[in-house]
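**Q** Next comes final_2.cif, mmCIF, C-alpha atoms:
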```
data_structure
#
loop_
_atom_site.label_atom_id
_atom_site.label_comp_id
_atom_site.auth_asym_id
_atom_site.auth_seq_id
_atom_site.Cartn_x
_atom_site.Cartn_y
_atom_site.Cartn_z
CA MET A 81 -22.62 53.26 -28.53
CA ILE A 82 -23.81 49.63 -28.19
CA ARG A 83 -20.26 48.39 -28.83
CA LYS A 84 -18.92 50.76 -26.18
CA ILE A 85 -21.51 49.51 -23.67
CA LYS A 86 -20.62 45.86 -24.44
CA ARG A 87 -16.92 46.55 -24.02
CA CYS A 88 -17.61 48.38 -20.80
CA VAL A 89 -19.79 45.59 -19.40
CA LEU A 90 -17.18 42.97 -20.37
CA GLY A 91 -14.50 45.01 -18.67
CA LEU A 92 -16.60 45.28 -15.52
CA VAL A 93 -17.26 41.51 -15.50
CA LEU A 94 -13.55 40.72 -15.84
CA ALA A 95 -12.65 43.30 -13.23
CA GLY A 96 -15.34 41.93 -10.91
CA THR A 97 -13.89 38.44 -11.31
CA VAL A 98 -10.46 39.64 -10.28
CA ILE A 99 -11.77 41.81 -7.44
CA GLY A 100 -14.21 39.17 -6.16
CA CYS A 101 -11.74 36.32 -6.19
CA GLY A 102 -8.57 38.19 -5.41
CA LYS A 103 -6.88 36.43 -8.33
CA THR A 104 -7.77 33.83 -10.90
CA GLU A 105 -6.37 30.37 -10.14
CA ASN A 106 -4.09 28.83 -12.72
CA THR A 107 -5.13 25.18 -12.87
CA ASN A 108 -1.99 24.28 -14.80
CA THR A 109 0.29 24.63 -11.80
CA PHE A 110 0.34 23.38 -8.23
CA LYS A 111 1.99 26.57 -7.03
CA GLY A 112 -0.07 28.37 -4.41
CA LYS A 113 -2.72 25.65 -4.13
CA ASN A 114 -4.20 24.10 -1.01
CA ILE A 115 -3.97 20.44 -1.99
CA ARG A 116 -5.92 17.61 -0.40
CA ALA A 117 -4.05 14.28 -0.43
CA VAL A 118 -6.47 11.43 0.25
CA ILE A 119 -5.15 8.04 1.34
CA GLY A 120 -6.80 4.64 1.33
CA SER A 121 -6.61 4.17 5.07
CA THR A 122 -8.39 5.60 8.09
CA SER A 123 -5.38 5.04 10.34
CA THR A 124 -2.88 7.76 11.13
CA SER A 125 -0.27 5.34 12.43
CA GLY A 126 0.16 2.91 9.53
CA ASP A 127 2.46 3.02 6.54
CA SER A 128 -0.14 4.66 4.27
CA TYR A 129 -0.38 7.74 6.46
CA LEU A 130 3.29 7.87 7.46
CA ILE A 131 4.55 7.74 3.86
CA ALA A 132 1.89 10.16 2.62
CA ASP A 133 2.66 12.60 5.43
CA MET A 134 6.43 12.44 4.91
CA THR A 135 6.02 12.82 1.15
CA SER A 136 3.53 15.68 1.46
CA ARG A 137 5.64 17.69 3.89
CA ASN A 138 8.59 17.52 1.51
CA LEU A 139 6.49 18.08 -1.62
CA GLU A 140 5.05 21.26 -0.17
CA LYS A 141 8.42 22.95 -0.55
CA ALA A 142 9.08 21.57 -4.02
CA LEU A 143 5.62 22.52 -5.34
CA GLU A 144 5.30 25.77 -3.33
CA ALA A 145 1.90 24.57 -2.17
CA LYS A 146 0.12 23.48 1.00
CA ILE A 147 -0.77 19.78 1.26
CA LYS A 148 -3.11 18.23 3.83
CA VAL A 149 -3.27 14.44 4.19
CA ASP A 150 -6.82 13.13 4.63
CA ALA A 151 -7.15 9.55 5.90
CA VAL A 152 -10.53 8.72 4.35
CA GLY A 153 -10.19 4.97 3.66
CA ALA A 154 -9.86 3.03 0.42
CA ALA A 155 -13.48 3.21 -0.76
CA GLU A 156 -13.75 6.98 -0.38
CA ALA A 157 -10.24 7.64 -1.73
CA LEU A 158 -10.98 5.67 -4.90
CA ALA A 159 -14.39 7.31 -5.27
CA THR A 160 -12.78 10.74 -4.87
CA MET A 161 -10.53 10.04 -7.85
CA GLN A 162 -13.65 9.50 -9.95
CA SER A 163 -15.62 12.51 -8.76
CA THR A 164 -13.16 15.35 -8.22
CA LYS A 165 -11.97 17.79 -10.88
CA PRO A 166 -8.58 17.18 -12.55
CA ASP A 167 -7.30 20.57 -11.44
CA GLY A 168 -4.55 19.46 -9.04
CA ASN A 169 -6.50 20.41 -5.93
CA THR A 170 -6.95 16.75 -4.94
CA ILE A 171 -4.49 13.86 -5.27
CA MET A 172 -4.28 10.36 -3.85
CA ILE A 173 -1.16 8.76 -2.35
CA PHE A 174 -1.66 5.03 -1.95
CA HIS A 175 -0.09 1.61 -2.39
CA ASP A 176 -1.02 -1.55 -4.31
CA MET A 177 -4.50 -1.74 -2.78
CA THR A 178 -5.35 0.85 -5.45
CA TYR A 179 -5.62 -1.95 -8.01
CA LEU A 180 -5.83 -5.03 -5.75
CA GLY A 181 -9.21 -3.99 -4.39
CA VAL A 182 -10.62 -4.00 -7.91
CA ASP A 183 -8.90 -7.23 -8.97
CA PHE A 184 -10.12 -9.05 -5.86
CA GLY A 185 -13.65 -7.79 -6.52
CA ALA A 186 -13.86 -5.65 -3.38
CA TYR A 187 -14.43 -2.49 -5.44
CA ASP A 188 -16.27 -1.77 -8.67
CA LYS A 189 -14.43 -1.75 -12.00
CA GLU A 190 -15.14 1.97 -12.37
CA TYR A 191 -12.24 2.43 -9.93
CA ASP A 192 -9.83 0.73 -12.32
CA LEU A 193 -6.40 2.29 -12.93
CA LYS A 194 -7.46 3.22 -16.46
CA ASN A 195 -10.02 5.61 -14.98
CA MET A 196 -7.45 7.77 -13.20
CA THR A 197 -4.13 9.42 -13.93
CA ILE A 198 -1.09 7.52 -12.71
CA GLY A 199 1.52 9.87 -11.34
CA PRO A 200 5.06 9.26 -10.10
CA ARG A 201 6.11 6.54 -7.66
CA VAL A 202 7.37 8.09 -4.45
CA ALA A 203 8.35 5.30 -2.06
CA GLN A 204 8.31 1.62 -1.19
CA ASN A 205 7.55 -0.27 1.98
CA PRO A 206 9.29 -3.67 1.96
CA GLY A 207 8.07 -4.38 5.48
CA ALA A 208 4.92 -6.44 4.94
CA VAL A 209 5.47 -9.19 7.51
CA TRP A 210 3.97 -12.17 9.32
CA ALA A 211 4.34 -12.29 13.10
CA ALA A 212 3.58 -14.87 15.81
CA LYS A 213 3.71 -14.96 19.58
CA LYS A 214 7.28 -15.01 20.81
CA ASN A 215 6.85 -18.46 22.42
CA ALA A 216 5.29 -20.08 19.33
CA PRO A 217 6.81 -23.52 18.53
CA TYR A 218 8.22 -22.38 15.18
CA GLU A 219 10.66 -19.66 14.22
CA THR A 220 9.84 -18.96 10.57
CA LEU A 221 7.17 -19.74 8.00
CA VAL A 222 9.14 -22.70 6.65
CA ASP A 223 8.99 -24.37 10.07
CA ILE A 224 5.20 -24.37 10.09
CA PRO A 225 4.49 -27.20 7.60
CA LYS A 226 7.11 -29.32 9.38
CA TYR A 227 5.39 -28.57 12.69
CA LEU A 228 2.05 -29.62 11.19
CA GLN A 229 3.53 -32.86 9.89
CA GLU A 230 4.81 -33.67 13.38
CA ASN A 231 1.51 -32.62 15.00
CA PRO A 232 -1.29 -34.01 12.80
CA SER A 233 -4.10 -32.70 15.02
CA GLU A 234 -2.89 -29.07 14.92
CA ILE A 235 -3.93 -26.23 12.63
CA ILE A 236 -2.35 -22.82 12.02
CA ARG A 237 -4.68 -19.81 11.80
CA MET A 238 -3.27 -16.87 9.84
CA ALA A 239 -5.04 -13.51 10.21
CA CYS A 240 -5.12 -11.28 7.16
CA GLU A 241 -7.39 -8.85 5.36
CA ALA A 242 -9.41 -9.88 2.33
CA GLY A 243 -8.55 -8.24 -0.97
CA GLY A 244 -5.21 -6.70 -0.10
CA VAL A 245 -1.47 -7.26 0.19
CA SER A 246 -1.93 -9.75 3.03
CA GLN A 247 -4.06 -11.93 0.78
CA ILE A 248 -1.26 -11.92 -1.81
CA GLY A 249 1.20 -12.93 0.89
CA PHE A 250 -1.09 -15.69 2.12
CA ILE A 251 -2.03 -17.30 -1.20
CA THR A 252 1.63 -17.30 -2.28
CA TYR A 253 2.61 -19.05 0.95
CA TYR A 254 -0.36 -21.44 0.79
CA ASP A 255 0.54 -22.42 -2.77
CA TRP A 256 4.16 -23.07 -1.73
CA VAL A 257 3.04 -25.29 1.15
CA LEU A 258 0.61 -27.14 -1.12
CA GLN A 259 3.28 -27.80 -3.75
CA ASN A 260 5.93 -28.93 -1.26
CA TYR A 261 3.97 -30.62 1.55
CA GLY A 262 0.71 -31.71 -0.03
CA GLN A 263 -2.98 -31.06 0.47
CA ASP A 264 -3.26 -32.53 3.97
CA VAL A 265 -0.77 -30.05 5.42
CA ALA A 266 -2.06 -27.14 3.33
CA ASN A 267 -5.62 -27.82 4.52
CA ARG A 268 -4.49 -27.19 8.09
CA ILE A 269 -3.29 -23.67 7.29
CA VAL A 270 -6.44 -21.59 7.44
CA VAL A 271 -7.47 -17.95 7.27
CA VAL A 272 -8.92 -15.74 9.97
CA ILE A 273 -10.22 -12.46 8.57
CA GLY A 274 -8.82 -9.50 10.49
CA GLY A 275 -9.14 -5.76 10.14
CA SER A 276 -6.68 -3.17 11.40
CA THR A 277 -3.30 -4.02 12.88
CA ALA A 278 -4.73 -3.42 16.35
CA ASP A 279 -7.61 -5.82 15.64
CA LYS A 280 -5.27 -8.54 14.38
CA ALA A 281 -2.89 -8.09 17.32
CA GLN A 282 -5.84 -8.54 19.69
CA LEU A 283 -6.83 -11.72 17.84
CA LEU A 284 -3.31 -13.05 18.47
CA TRP A 285 -3.26 -12.07 22.15
CA ASP A 286 -6.71 -13.61 22.68
CA ASN A 287 -5.56 -16.89 21.07
CA ASN A 288 -8.05 -16.49 18.23
CA CYS A 289 -5.27 -16.81 15.64
CA ASP A 290 -1.66 -17.96 15.54
CA ILE A 291 -0.04 -15.58 13.05
CA ILE A 292 -0.91 -12.07 11.92
CA PHE A 293 0.00 -9.97 8.90
CA ALA A 294 0.98 -6.35 9.44
CA ASP A 295 3.64 -3.73 8.80
CA TYR A 296 7.07 -4.39 10.34
CA THR A 297 7.29 -0.89 11.80
CA SER A 298 3.88 -1.15 13.47
CA LEU A 299 4.88 -4.38 15.28
CA LYS A 300 8.51 -3.58 16.02
CA ASP A 301 7.90 -2.55 19.63
CA TYR A 302 6.14 -5.86 20.34
CA SER A 303 9.17 -7.75 19.03
CA GLU A 304 11.43 -5.94 21.50
CA THR A 305 9.36 -6.24 24.70
CA ASP A 306 9.93 -8.77 27.47
CA ASP A 307 6.22 -8.82 28.36
CA MET A 308 5.27 -12.30 27.17
CA LYS A 309 1.57 -11.40 27.15
CA ILE A 310 2.12 -9.21 24.09
CA ALA A 311 5.61 -10.18 22.85
CA MET A 312 5.87 -11.17 19.18
CA LYS A 313 8.47 -12.48 16.77
CA PHE A 314 8.67 -12.02 13.02
CA VAL A 315 8.37 -15.22 11.01
CA GLY A 316 8.65 -13.94 7.43
CA LEU A 317 8.89 -10.73 5.39
CA LEU A 318 7.53 -10.39 1.86
CA ASP A 319 10.71 -8.50 0.94
CA ASN A 320 14.02 -7.60 2.58
CA ILE A 321 14.46 -4.46 4.65
CA ASP A 322 17.94 -2.94 4.55
CA GLY A 323 19.70 -3.46 7.87
CA VAL A 324 16.93 -5.61 9.38
CA ASP A 325 17.74 -9.20 10.33
CA VAL A 326 14.39 -10.81 9.51
CA LYS A 327 14.22 -13.44 6.77
CA SER A 328 12.14 -12.79 3.66
CA TYR A 329 10.30 -15.21 1.37
CA LYS A 330 13.43 -15.13 -0.82
CA ASP A 331 15.71 -16.00 2.11
CA LEU A 332 13.38 -18.78 3.23
CA GLY A 333 13.02 -20.27 -0.23
CA ILE A 334 9.27 -19.61 -0.42
CA THR A 335 8.69 -19.39 -4.16
CA LEU A 336 5.78 -18.80 -6.50
CA SER A 337 5.55 -21.49 -9.21
CA GLY A 338 9.20 -22.25 -8.51
CA GLU A 339 10.34 -18.66 -9.00
CA GLU A 340 11.66 -16.15 -6.47
CA PHE A 341 8.91 -14.08 -4.87
CA ARG A 342 9.32 -10.56 -3.52
CA PHE A 343 6.62 -8.02 -2.79
CA SER A 344 7.10 -4.46 -1.57
CA LYS A 345 4.22 -2.03 -1.35
CA ASP A 346 4.70 0.60 -4.04
CA PHE A 347 3.34 4.04 -3.18
CA LEU A 348 2.32 6.19 -6.13
CA ILE A 349 0.56 9.50 -6.54
CA TYR A 350 -2.72 9.20 -8.40
CA MET A 351 -4.96 11.93 -9.78
CA PRO A 352 -8.31 12.10 -11.57
CA LYS A 353 -8.45 11.28 -15.24
CA GLY A 354 -7.82 14.26 -17.51
CA VAL A 355 -5.07 15.98 -15.54
CA SER A 356 -3.02 18.25 -17.80
CA GLU A 357 0.45 17.35 -19.00
CA GLU A 358 1.71 20.55 -17.35
CA LEU A 359 0.56 19.39 -13.91
CA LEU A 360 1.94 15.91 -14.44
CA LYS A 361 5.34 17.22 -15.52
CA GLU A 362 5.47 19.65 -12.60
CA LEU A 363 4.67 16.80 -10.20
CA ASP A 364 7.32 14.54 -11.76
CA LEU A 365 9.98 17.21 -11.34
CA ALA A 366 8.96 17.91 -7.73
CA VAL A 367 9.01 14.23 -6.71
CA GLU A 368 12.35 13.73 -8.45
CA LYS A 369 13.70 16.69 -6.50
CA ILE A 370 12.64 15.34 -3.09
CA SER A 371 13.77 11.80 -3.99
CA VAL A 372 17.40 12.94 -3.73
CA SER A 373 16.79 15.06 -0.65
CA PRO A 374 18.76 13.84 2.41
CA GLU A 375 15.91 14.99 4.64
CA TYR A 376 13.29 12.94 2.77
CA ASN A 377 15.44 9.83 2.49
CA ALA A 378 16.46 9.96 6.15
CA GLY A 379 12.84 10.37 7.22
CA LEU A 380 11.74 7.31 5.28
CA GLN A 381 14.71 5.23 6.42
CA ARG A 382 13.93 5.95 10.08
CA MET A 383 10.63 4.12 9.49
CA ASP A 384 12.29 1.32 7.44
CA TYR A 385 10.77 2.61 4.19
CA ARG A 386 12.71 3.76 1.14
CA SER A 387 12.54 6.42 -1.54
CA ALA A 388 11.82 4.87 -4.95
CA PHE A 389 11.23 7.57 -7.55
CA LEU A 390 9.84 6.72 -10.97
CA ASP A 391 8.41 9.45 -13.19
CA SER A 392 4.74 9.13 -14.14
CA LYS A 393 5.40 7.37 -17.45
CA ALA A 394 7.79 4.81 -15.94
CA ALA A 395 5.53 4.40 -12.88
CA ALA A 396 2.50 3.68 -15.08
CA GLU A 397 4.41 1.02 -17.00
CA PHE A 398 5.79 -0.49 -13.77
CA ILE A 399 2.50 -0.68 -11.85
CA THR A 400 0.60 -2.00 -14.89
CA GLU A 401 3.10 -4.83 -15.37
CA LYS A 402 3.13 -5.60 -11.64
CA ARG A 403 -0.66 -5.70 -11.64
CA GLU A 404 -0.79 -8.14 -14.55
CA ASP A 405 1.59 -10.51 -12.75
CA ILE A 406 -0.52 -10.37 -9.58
CA LYS A 407 -3.76 -10.89 -11.54
CA LYS A 408 -2.44 -14.22 -12.81
CA LEU A 409 -1.82 -15.29 -9.21
CA ILE A 410 -5.31 -14.20 -8.14
CA GLU A 411 -6.99 -16.02 -11.03
CA THR A 412 -5.26 -19.33 -10.28
CA SER A 413 -5.55 -19.27 -6.47
CA PRO A 414 -8.43 -20.32 -4.20
CA SER A 415 -10.55 -17.54 -2.76
CA LEU A 416 -10.25 -16.68 0.91
CA ASP A 417 -13.83 -17.94 1.37
CA GLU A 418 -12.52 -21.44 0.68
CA LEU A 419 -9.65 -21.04 3.14
CA VAL A 420 -11.39 -19.32 6.05
CA ARG A 421 -11.64 -21.41 9.20
CA LYS A 422 -15.26 -22.57 9.48
#
```
Write the structure described by the file as structure tokens, please.
**A**
Amino acid sequence: MIRKIKRCVLGLVLAGTVIGCGKTENTNTFKGKNIRAVIGSTSTSGDSYLIADMTSRNLEKALEAKIKVDAVGAAEALATMQSTKPDGNTIMIFHDMTYLGVDFGAYDKEYDLKNMTIGPRVAQNPGAVWAAKKNAPYETLVDIPKYLQENPSEIIRMACEAGGVSQIGFITYYDWVLQNYGQDVANRIVVVIGGSTADKAQLLWDNNCDIIFADYTSLKDYSETDDMKIAMKFVGLLDNIDGVDVKSYKDLGITLSGEEFRFSKDFLIYMPKGVSEELLKELDLAVEKISVSPEYNAGLQRMDYRSAFLDSKAAAEFITEKREDIKKLIETSPSLDELVRK
């Protein structure tokens, strides 16, 4: 009798679970989930949101799930990867700031790549760019040290964000100027700390800086206007954009320790540590599927981005190697505190 009662109670508990929840959720698949995709930006107009949104809308079909992009900012996105369950309900889509923030000391080491699951690479943005006012007395970054030599009382103020891709772009350029034009010229290229693209653009328009760092797409309209109050020109890309006639560091001969320098933002999907192999494989297959989709590729190309699929294993190897190369640059370069205009 006791055994019958136990079996009956167990059956009622299991039945209650099914009835109360409608159905039990299989955590080893994305199918049917409502997925939250956090990004390391609070902007809904920058490359982080645009790439995450385009990727999510295409991934929804491939995963048979619903995905909502949540622009929470870098600190909260990284913290989310440490606190959320590895059940596939929450992912992060973000670029190199994922590891740069830690390596520059902006975020705690608990947010290191080793404390999360590295998923597939989805896209690249080669459009990290420096821009100046359209009437500035130089056309590209290589003209600036020559301008400073000819105008010994002048300085050039370059606005960038601390601890991110713009700092990589700046310290590479600063090192090139130092090696080729000497300390006197390099000392007159200084940093102005800026925040969002809108903040940096305002710094430029208010004559509080001479050059700003931003995304090519976000500044494109300013490069095409005839309104000289806001008109800009591009003076150097960190990498080449297909079909865009703006010179890159490679084209300009701006090297790092004498070697060619290119830097595109690599966007990967990250998840909490402990995600199952089943989920990772399912995600790899879904991203591979959309990477050859004409709709996905055309959507990225319209914004001057590009599809760049690597499965999770290859992506982990790629981003780890890229990070190690960048760490060497960070360790041998002056901090922004030393280069900020006092």
**Q** Counting all atoms listed in the file, which residue out of A:Thr122, A:Ser136, A:Asn288, A:Ser413 sits closest to Lys213 of chain A?
**A**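 Among the listed residues, A:Asn288 lies closest to Lys213 of chain A.
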**Q** Pick from A:Gln229, A:Ser128, A:Asn138, A:Thr109: nearest to Asn169 of chain A, with only C-alpha atoms counted?
**A**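 Of A:Gln229, A:Ser128, A:Asn138, A:Thr109, the one nearest Asn169 of chain A, counting only C-alpha atoms, is A:Thr109.
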**Q** Just give me the gap between atom CA of Phe343 of chain A and atom CA of Glu375 of chain A in Å, one decimal is fine.
**A**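 Separating atom CA of Phe343 of chain A from atom CA of Glu375 of chain A is a distance of 25.9 Å.
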**Q** Applying 6 Å and all atoms listed in the file, which residues near segment 312-318 of chain A remain after dropping the ones on its own chain fewer than 2 positions away? List them as a VMD selection string.
**A** chain A and resid 208 to 214 219 to 221 302 to 303 327 to 329 342 to 343
**Q** On this file, the PyMOL selection byres ((chain A and resi 358) around 12) gives some set of residues; write that set as a ChimeraX atom specification.
**A** /A:106-111,166-168,354-357,359-365
**Q** Please determine, counting only C-alpha atoms, which residue among A:Asp127, A:Asp301, A:Asp176, A:Asp183 has the shortest atom-to-atom distance to Asp384 of chain A.
**A**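 Going through A:Asp127, A:Asp301, A:Asp176, A:Asp183 one by one, the smallest distance to Asp384 of chain A is for A:Asp127.
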**Q** Show which residues sit within 9 Å of Ile131 of chain A, as number ranges by chain. Count all atoms listed in the file, and ignore same-chain residues fewer than 5 positions away.
**A** A: 126, 136, 173-174, 202-205, 347, 380, 385
**Q** Using all atoms listed in the file, which residues sit within 8 Å of Lys280 of chain A once same-chain residues fewer than 3 positions away are excluded, as an mmCIF file with C-alpha atoms, keeping the file's coordinate frame?
**A**
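result_18.cif, written as the output of this step:
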```cif
data_model
loop_
_atom_site.group_PDB
_atom_site.id
_atom_site.type_symbol
_atom_site.label_atom_id
_atom_site.label_comp_id
_atom_site.auth_asym_id
_atom_site.auth_seq_id
_atom_site.Cartn_x
_atom_site.Cartn_y
_atom_site.Cartn_z
ATOM 1 C CA ALA A 239 -5.040 -13.510 10.210
ATOM 2 C CA CYS A 240 -5.120 -11.280 7.160
ATOM 3 C CA GLY A 274 -8.820 -9.500 10.490
ATOM 4 C CA GLY A 275 -9.140 -5.760 10.140
ATOM 5 C CA SER A 276 -6.680 -3.170 11.400
ATOM 6 C CA THR A 277 -3.300 -4.020 12.880
ATOM 7 C CA LEU A 283 -6.830 -11.720 17.840
ATOM 8 C CA LEU A 284 -3.310 -13.050 18.470
ATOM 9 C CA ILE A 292 -0.910 -12.070 11.920
ATOM 10 C CA PHE A 293 0.000 -9.970 8.900
#
```
**Q** Of the residues A:Ala366, A:Asn215, A:Ile273, A:Ser392, which is the one nearest to Asp307 of chain A, using all atoms listed in the file?
**A**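 Comparing A:Ala366, A:Asn215, A:Ile273, A:Ser392 against Asp307 of chain A, the winner is A:Asn215.
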**Q** Using only C-alpha atoms for the distances, tell me which of A:Ala242, A:Lys353, A:Gly207, A:Arg137 is nearest to Gly185 of chain A.
**A**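 Of the candidates, the smallest distance to Gly185 of chain A is held by A:Ala242.
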**Q** Can you give me, as a list in words, the residues this file yields under the PyMOL selection byres ((chain A and resi 148) around 8)?
**A**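 Going through the file, the PyMOL selection byres ((chain A and resi 148) around 8) ends up selecting Asn114, Ile115, Arg116, Ala117, Ser136, Lys146, Ile147, Val149 and Asp150 of chain A.
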**Q** Take the residues just selected and output them with C-alpha atoms as a short mmCIF file (atom, residue, chain, number, x, y, z; two decimals), in the coordinates of the input.
**A**
```
data_model
loop_
_atom_site.label_atom_id
_atom_site.label_comp_id
_atom_site.auth_asym_id
_atom_site.auth_seq_id
_atom_site.Cartn_x
_atom_site.Cartn_y
_atom_site.Cartn_z
CA ASN A 114 -4.20 24.10 -1.01
CA ILE A 115 -3.97 20.44 -1.99
CA ARG A 116 -5.92 17.61 -0.40
CA ALA A 117 -4.05 14.28 -0.43
CA SER A 136 3.53 15.68 1.46
CA LYS A 146 0.12 23.48 1.00
CA ILE A 147 -0.77 19.78 1.26
CA VAL A 149 -3.27 14.44 4.19
CA ASP A 150 -6.82 13.13 4.63
#
```
**Q** Using the atoms already present, construct N, CA, C and O atoms for segment 151-164 of chain A and hand them back as a compact mmCIF listing (two decimals), in the coordinates of the input.
**A**
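Full text of selection_16.txt as output:
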```txt
# COMPACT_ATOMS: atom_id res chain seq x y z
N ALA A 151 -7.04 11.01 5.78
CA ALA A 151 -7.15 9.55 5.90
C ALA A 151 -8.61 9.13 5.80
O ALA A 151 -9.30 8.94 6.81
N VAL A 152 -9.09 8.94 4.58
CA VAL A 152 -10.53 8.72 4.35
C VAL A 152 -10.88 7.24 4.16
O VAL A 152 -12.05 6.87 4.17
N GLY A 153 -9.90 6.37 3.94
CA GLY A 153 -10.19 4.97 3.66
C GLY A 153 -10.21 4.69 2.18
O GLY A 153 -10.40 5.59 1.35
N ALA A 154 -10.02 3.42 1.82
CA ALA A 154 -9.86 3.03 0.42
C ALA A 154 -11.07 3.35 -0.43
O ALA A 154 -10.95 3.89 -1.53
N ALA A 155 -12.27 3.01 0.05
CA ALA A 155 -13.48 3.21 -0.76
C ALA A 155 -13.67 4.68 -1.12
O ALA A 155 -13.92 5.03 -2.28
N GLU A 156 -13.54 5.55 -0.12
CA GLU A 156 -13.75 6.98 -0.38
C GLU A 156 -12.61 7.58 -1.20
O GLU A 156 -12.83 8.44 -2.06
N ALA A 157 -11.38 7.12 -0.96
CA ALA A 157 -10.24 7.64 -1.73
C ALA A 157 -10.41 7.32 -3.21
O ALA A 157 -10.21 8.17 -4.08
N LEU A 158 -10.78 6.07 -3.51
CA LEU A 158 -10.98 5.67 -4.90
C LEU A 158 -12.15 6.41 -5.53
O LEU A 158 -12.10 6.84 -6.69
N ALA A 159 -13.23 6.57 -4.76
CA ALA A 159 -14.39 7.31 -5.27
C ALA A 159 -14.05 8.77 -5.54
O ALA A 159 -14.52 9.37 -6.52
N THR A 160 -13.20 9.34 -4.69
CA THR A 160 -12.78 10.74 -4.87
C THR A 160 -12.05 10.93 -6.19
O THR A 160 -12.22 11.94 -6.88
N MET A 161 -11.26 9.94 -6.58
CA MET A 161 -10.53 10.04 -7.85
C MET A 161 -11.46 10.01 -9.05
O MET A 161 -11.09 10.45 -10.15
N GLN A 162 -12.69 9.53 -8.86
CA GLN A 162 -13.65 9.50 -9.95
C GLN A 162 -14.54 10.75 -9.98
O GLN A 162 -15.11 11.07 -11.02
N SER A 163 -14.65 11.42 -8.86
CA SER A 163 -15.62 12.51 -8.76
C SER A 163 -15.01 13.91 -8.73
O SER A 163 -15.69 14.89 -9.07
N THR A 164 -13.74 14.02 -8.36
CA THR A 164 -13.16 15.35 -8.22
C THR A 164 -12.63 15.87 -9.55
O THR A 164 -12.37 15.11 -10.48
```
